[in-house]
Amino acid sequence: MFSVALWAQASPDLKQLYDRHEWFLLRDALTRDPSAPALYRGAVAAAFNNVAEAQQLLKAVMDKGSDSEADDANKWLMYLYVRTGQYQKAAALTDDDTGMVRMLRQLPDQSINDFAPITVPAKISNRQLFFPASISGKPIEFFLDSDANFSFMSEAQARNLGLAVHDSAASVHGVTGKDTAFRVAVADQLAIGAAQLTHVAFLVLPDSSEVFRSAPLSRQGALGIPVLTALRSIRFVKQGTLEIGATRAQNDTPNLCFDGFDPVARVDFEQRPLPVVLDTGAQVTEIWPSFANQFPECLKSGKNSSKLENGFGGRAHIPERLVPDLTLCIGGFDTHVHPAHVLLAQTVPASDWYYGRLGLDVLSQADDITIDFASLHVTLR
């Protein structure tokens with residue numbers, strides 16, 4: 001049983017780590033302080049996919065904690081359920097009537113069959129990782145987007161697949177920092193080789209969305225985090241294959257966790273660990289204001305510029321400092337961000353506390369990329 005110290009006095013260090021979204025450091029600190037407040041322990045359990053522990057700790061906080069603590073615990077548990085496709089459990093946590101909660105109440109839970117590890121052909125095109133699949137027997141070629149809260153497709157693709165599309169009062173927060181309205185559809189069956197998923201929710205975005213610009217119909221869609229966590233792991237080899245489901249036991253400490261819906265990887269810069277959002281759907285890596293604030297010396301070699309952000313929410317020009325090269329060590333592999341787009345203004349909320357968004361342009365410098373959502377490891381070779 002877990003010891004639930006609901007009203008333990010939090011040390012300032014623990015509270016600061018929690019408020020700054022420093023989940024790796026908070027995890028390490030909690031190993032030295034087992035009597036820490038249940039909210040912090042529950043948040044870390046949720047961030048590192050320790051489902052049973054997260055449920056017990058967070059439900060206890062929801063029942064007996066302060067209002068603000070209960071709200072936080074509720075959100076952590078809801079995030080955990082949504083990213084694993086348990087939409088009905090997520091909706092049951094709240095009486096709120098927001099557009100997102102109303103949408104969740106209408107979604108059936110996603111499920112997946114037991115499957116042995118499989119290998120399918122895959123390729124990187126336009127800095128996106130595409131692979132073949134099918135929806136209700138119709139072939140598609142979608143890309144992997146690890147930072148998409150839900151899978152998504154265009155209206156034209158939904159019509160092509162014969163999916164029923166329903167209105168939604170919810171909106172999605174895109175990379176430009178703007179919200180985009182969407183509708184929703186549910187695919188009864190999504191097949192990736194021998195892996196068979198049922199009741200897969202897709203956000204249906206307007207055909208005019210920037211993310212679909214110039215894309216052929218067959219590629220107007222992406223598989224997001226609820227699908228990727230169900231697949232357990234992905235391993236892309238540059239020769240043109242994607243291995244799915246082959247999770248491996250790891251002896252070292254996880255370098256991947258979740259902040260809400262966002263997968264967050266721990267990378268090293270000048271031997272200092274930095275948390276960054278892991279986004280396989282991002283074509284270009286970007287460095288965020290936290291980096292500029294902490295490493296001002298690194299910006300001296302750069303020049304002022306403006307970066308055009310494309311994605312959900314349309315386009316936006318963000319002031320930046322263009323730095324010739326930064327070296328990031330990811331899963332034991334040195335990569336180069338060149339040039340490095342160091343943004344000087346906030347875009348998405350996560351850009352307030354993380355150091356950047358790690359995209360496929362940098363990940364694909366490796367010949368072998370493994371993202372294991374079960375053991376929470378990112379490995380490049």
# chains A, B, ... in the order shown; residues from 1 in each chain; ligands from 1
call {"tool": "residues_around", "arguments": {"residues": "A:Asp252", "least_positions_apart": "6", "cutoff": "12 Å", "atoms": "only C-alpha atoms", "output": "PyMOL selection string"}}
result
chain A and resi 331-332+375-379
call {"tool": "residues_around", "arguments": {"residues": "stretch 96-105 of chain A", "least_positions_apart": "2", "cutoff": "7 Å", "atoms": "only C-alpha atoms", "output": "list in words"}}
result
Tyr87, Gln88, Ala91, Thr94, Leu107, Ser168, Ala169 and Ala170 of chain A
call {"tool": "closest_residue", "arguments": {"among": "A:Gln346, A:Ser301, A:Ser171, A:Gln128", "to": "A:Pro324", "atoms": "only C-alpha atoms"}}
result
A:Ser301
call {"tool": "select_by_dssp", "arguments": {"residues": "stretch 29-177 of chain A", "states": "alpha helix (DSSP H)", "output": "number ranges by chain"}}
result
A: 29-31, 38-47, 51-64, 67-83, 87-92, 99-106, 155-161
call {"tool": "write_last_selection", "arguments": {"atoms": "C-alpha atoms", "output": "CSV table (one decimal), in the first residue's frame"}}
result
chain,number,residue,atom,x,y,z
A,29,ALA,CA,13.9,14.5,-5.1
A,30,LEU,CA,11.0,12.3,-4.0
A,31,THR,CA,13.2,9.3,-3.8
A,38,ALA,CA,0.6,12.9,-2.1
A,39,LEU,CA,-0.1,15.4,-4.9
A,40,TYR,CA,3.5,15.6,-5.8
A,41,ARG,CA,4.0,11.8,-5.6
A,42,GLY,CA,0.8,11.3,-7.6
A,43,ALA,CA,1.8,13.8,-10.3
A,44,VAL,CA,5.2,12.1,-10.7
A,45,ALA,CA,3.5,8.7,-10.8
A,46,ALA,CA,1.2,10.0,-13.6
A,47,ALA,CA,4.1,11.6,-15.4
A,51,VAL,CA,-0.9,4.0,-13.3
A,52,ALA,CA,-1.9,2.1,-10.2
A,53,GLU,CA,0.2,4.4,-7.9
A,54,ALA,CA,-1.1,7.5,-9.7
A,55,GLN,CA,-4.7,6.4,-9.3
A,56,GLN,CA,-4.5,5.7,-5.6
A,57,LEU,CA,-2.6,8.8,-4.7
A,58,LEU,CA,-4.5,11.2,-6.9
A,59,LYS,CA,-7.9,9.9,-6.0
A,60,ALA,CA,-7.0,10.3,-2.3
A,61,VAL,CA,-6.1,14.0,-3.0
A,62,MET,CA,-9.3,14.5,-4.9
A,63,ASP,CA,-11.3,13.2,-1.9
A,64,LYS,CA,-9.5,14.9,1.0
A,67,ASP,CA,-9.7,22.6,-3.6
A,68,SER,CA,-6.6,23.6,-5.5
A,69,GLU,CA,-4.9,20.3,-4.8
A,70,ALA,CA,-8.0,18.4,-5.8
A,71,ASP,CA,-8.2,20.3,-9.1
A,72,ASP,CA,-4.6,19.5,-9.9
A,73,ALA,CA,-5.0,15.8,-9.0
A,74,ASN,CA,-8.1,15.7,-11.2
A,75,LYS,CA,-6.2,17.1,-14.2
A,76,TRP,CA,-3.3,14.7,-13.8
A,77,LEU,CA,-5.7,11.7,-13.7
A,78,MET,CA,-7.7,13.1,-16.7
A,79,TYR,CA,-4.5,13.5,-18.7
A,80,LEU,CA,-3.4,10.0,-17.9
A,81,TYR,CA,-6.8,8.5,-19.0
A,82,VAL,CA,-7.0,10.6,-22.2
A,83,ARG,CA,-3.5,9.8,-23.5
A,87,TYR,CA,-12.1,8.7,-22.6
A,88,GLN,CA,-15.1,7.6,-20.5
A,89,LYS,CA,-13.0,7.4,-17.3
A,90,ALA,CA,-11.6,10.9,-18.1
A,91,ALA,CA,-15.1,12.3,-18.6
A,92,ALA,CA,-16.4,10.8,-15.4
A,99,GLY,CA,-16.4,21.7,-25.0
A,100,MET,CA,-13.6,19.2,-24.4
A,101,VAL,CA,-15.4,17.4,-21.6
A,102,ARG,CA,-18.6,17.2,-23.7
A,103,MET,CA,-16.5,15.7,-26.5
A,104,LEU,CA,-14.9,13.1,-24.2
A,105,ARG,CA,-18.4,12.0,-23.0
A,106,GLN,CA,-19.3,11.2,-26.6
A,155,GLU,CA,-12.3,16.9,-43.7
A,156,ALA,CA,-11.5,15.6,-47.2
A,157,GLN,CA,-9.8,12.5,-45.7
A,158,ALA,CA,-12.7,11.8,-43.4
A,159,ARG,CA,-15.1,12.0,-46.3
A,160,ASN,CA,-12.8,9.7,-48.3
A,161,LEU,CA,-12.8,7.1,-45.5
call {"tool": "closest_atom_pairs", "arguments": {"of": "stretch 171-247 of chain A", "to": "stretch 256-268 of chain A", "cutoff": "12 Å", "atoms": "only C-alpha atoms", "output": "tab-separated table"}}
result
residue	atom	partner	partner_atom	distance
A:His173	CA	A:Phe261	CA	11.9
A:Gly224	CA	A:Phe261	CA	10.1
A:Ile225	CA	A:Phe261	CA	7.7
A:Pro226	CA	A:Phe261	CA	9.3
A:Leu228	CA	A:Pro263	CA	11.0
A:Thr229	CA	A:Pro263	CA	10.5
call {"tool": "write_last_selection", "arguments": {"atoms": "C-alpha atoms", "output": "short mmCIF file (atom, residue, chain, number, x, y, z; two decimals), in the first residue's frame"}}
result
data_model
loop_
_atom_site.label_atom_id
_atom_site.label_comp_id
_atom_site.auth_asym_id
_atom_site.auth_seq_id
_atom_site.Cartn_x
_atom_site.Cartn_y
_atom_site.Cartn_z
CA HIS A 173 -4.09 24.76 -29.11
CA GLY A 224 -1.29 11.02 -32.06
CA ILE A 225 -0.35 10.04 -28.54
CA PRO A 226 -3.33 7.77 -27.65
CA LEU A 228 1.34 5.69 -29.96
CA THR A 229 1.02 4.72 -26.30
#
call {"tool": "residues_around", "arguments": {"residues": "A:Gln271", "least_positions_apart": "6", "cutoff": "12 Å", "atoms": "only C-alpha atoms", "output": "list in words"}}
result
Thr327, Leu328, Cys329, Ile330, Gly332 and Asp334 of chain A
call {"tool": "atom_distance", "arguments": {"atom1": "atom CA of A:Pro121", "atom2": "atom CA of A:Gly281"}}
result
18.1 Å
call {"tool": "atom_distance", "arguments": {"atom1": "atom CA of A:Ser125", "atom2": "atom CA of A:Val362"}}
result
14.1 Å
call {"tool": "closest_residue", "arguments": {"among": "A:Leu343, A:Val284, A:Val204, A:Leu326", "to": "A:Ser154", "atoms": "only C-alpha atoms"}}
result
A:Val204
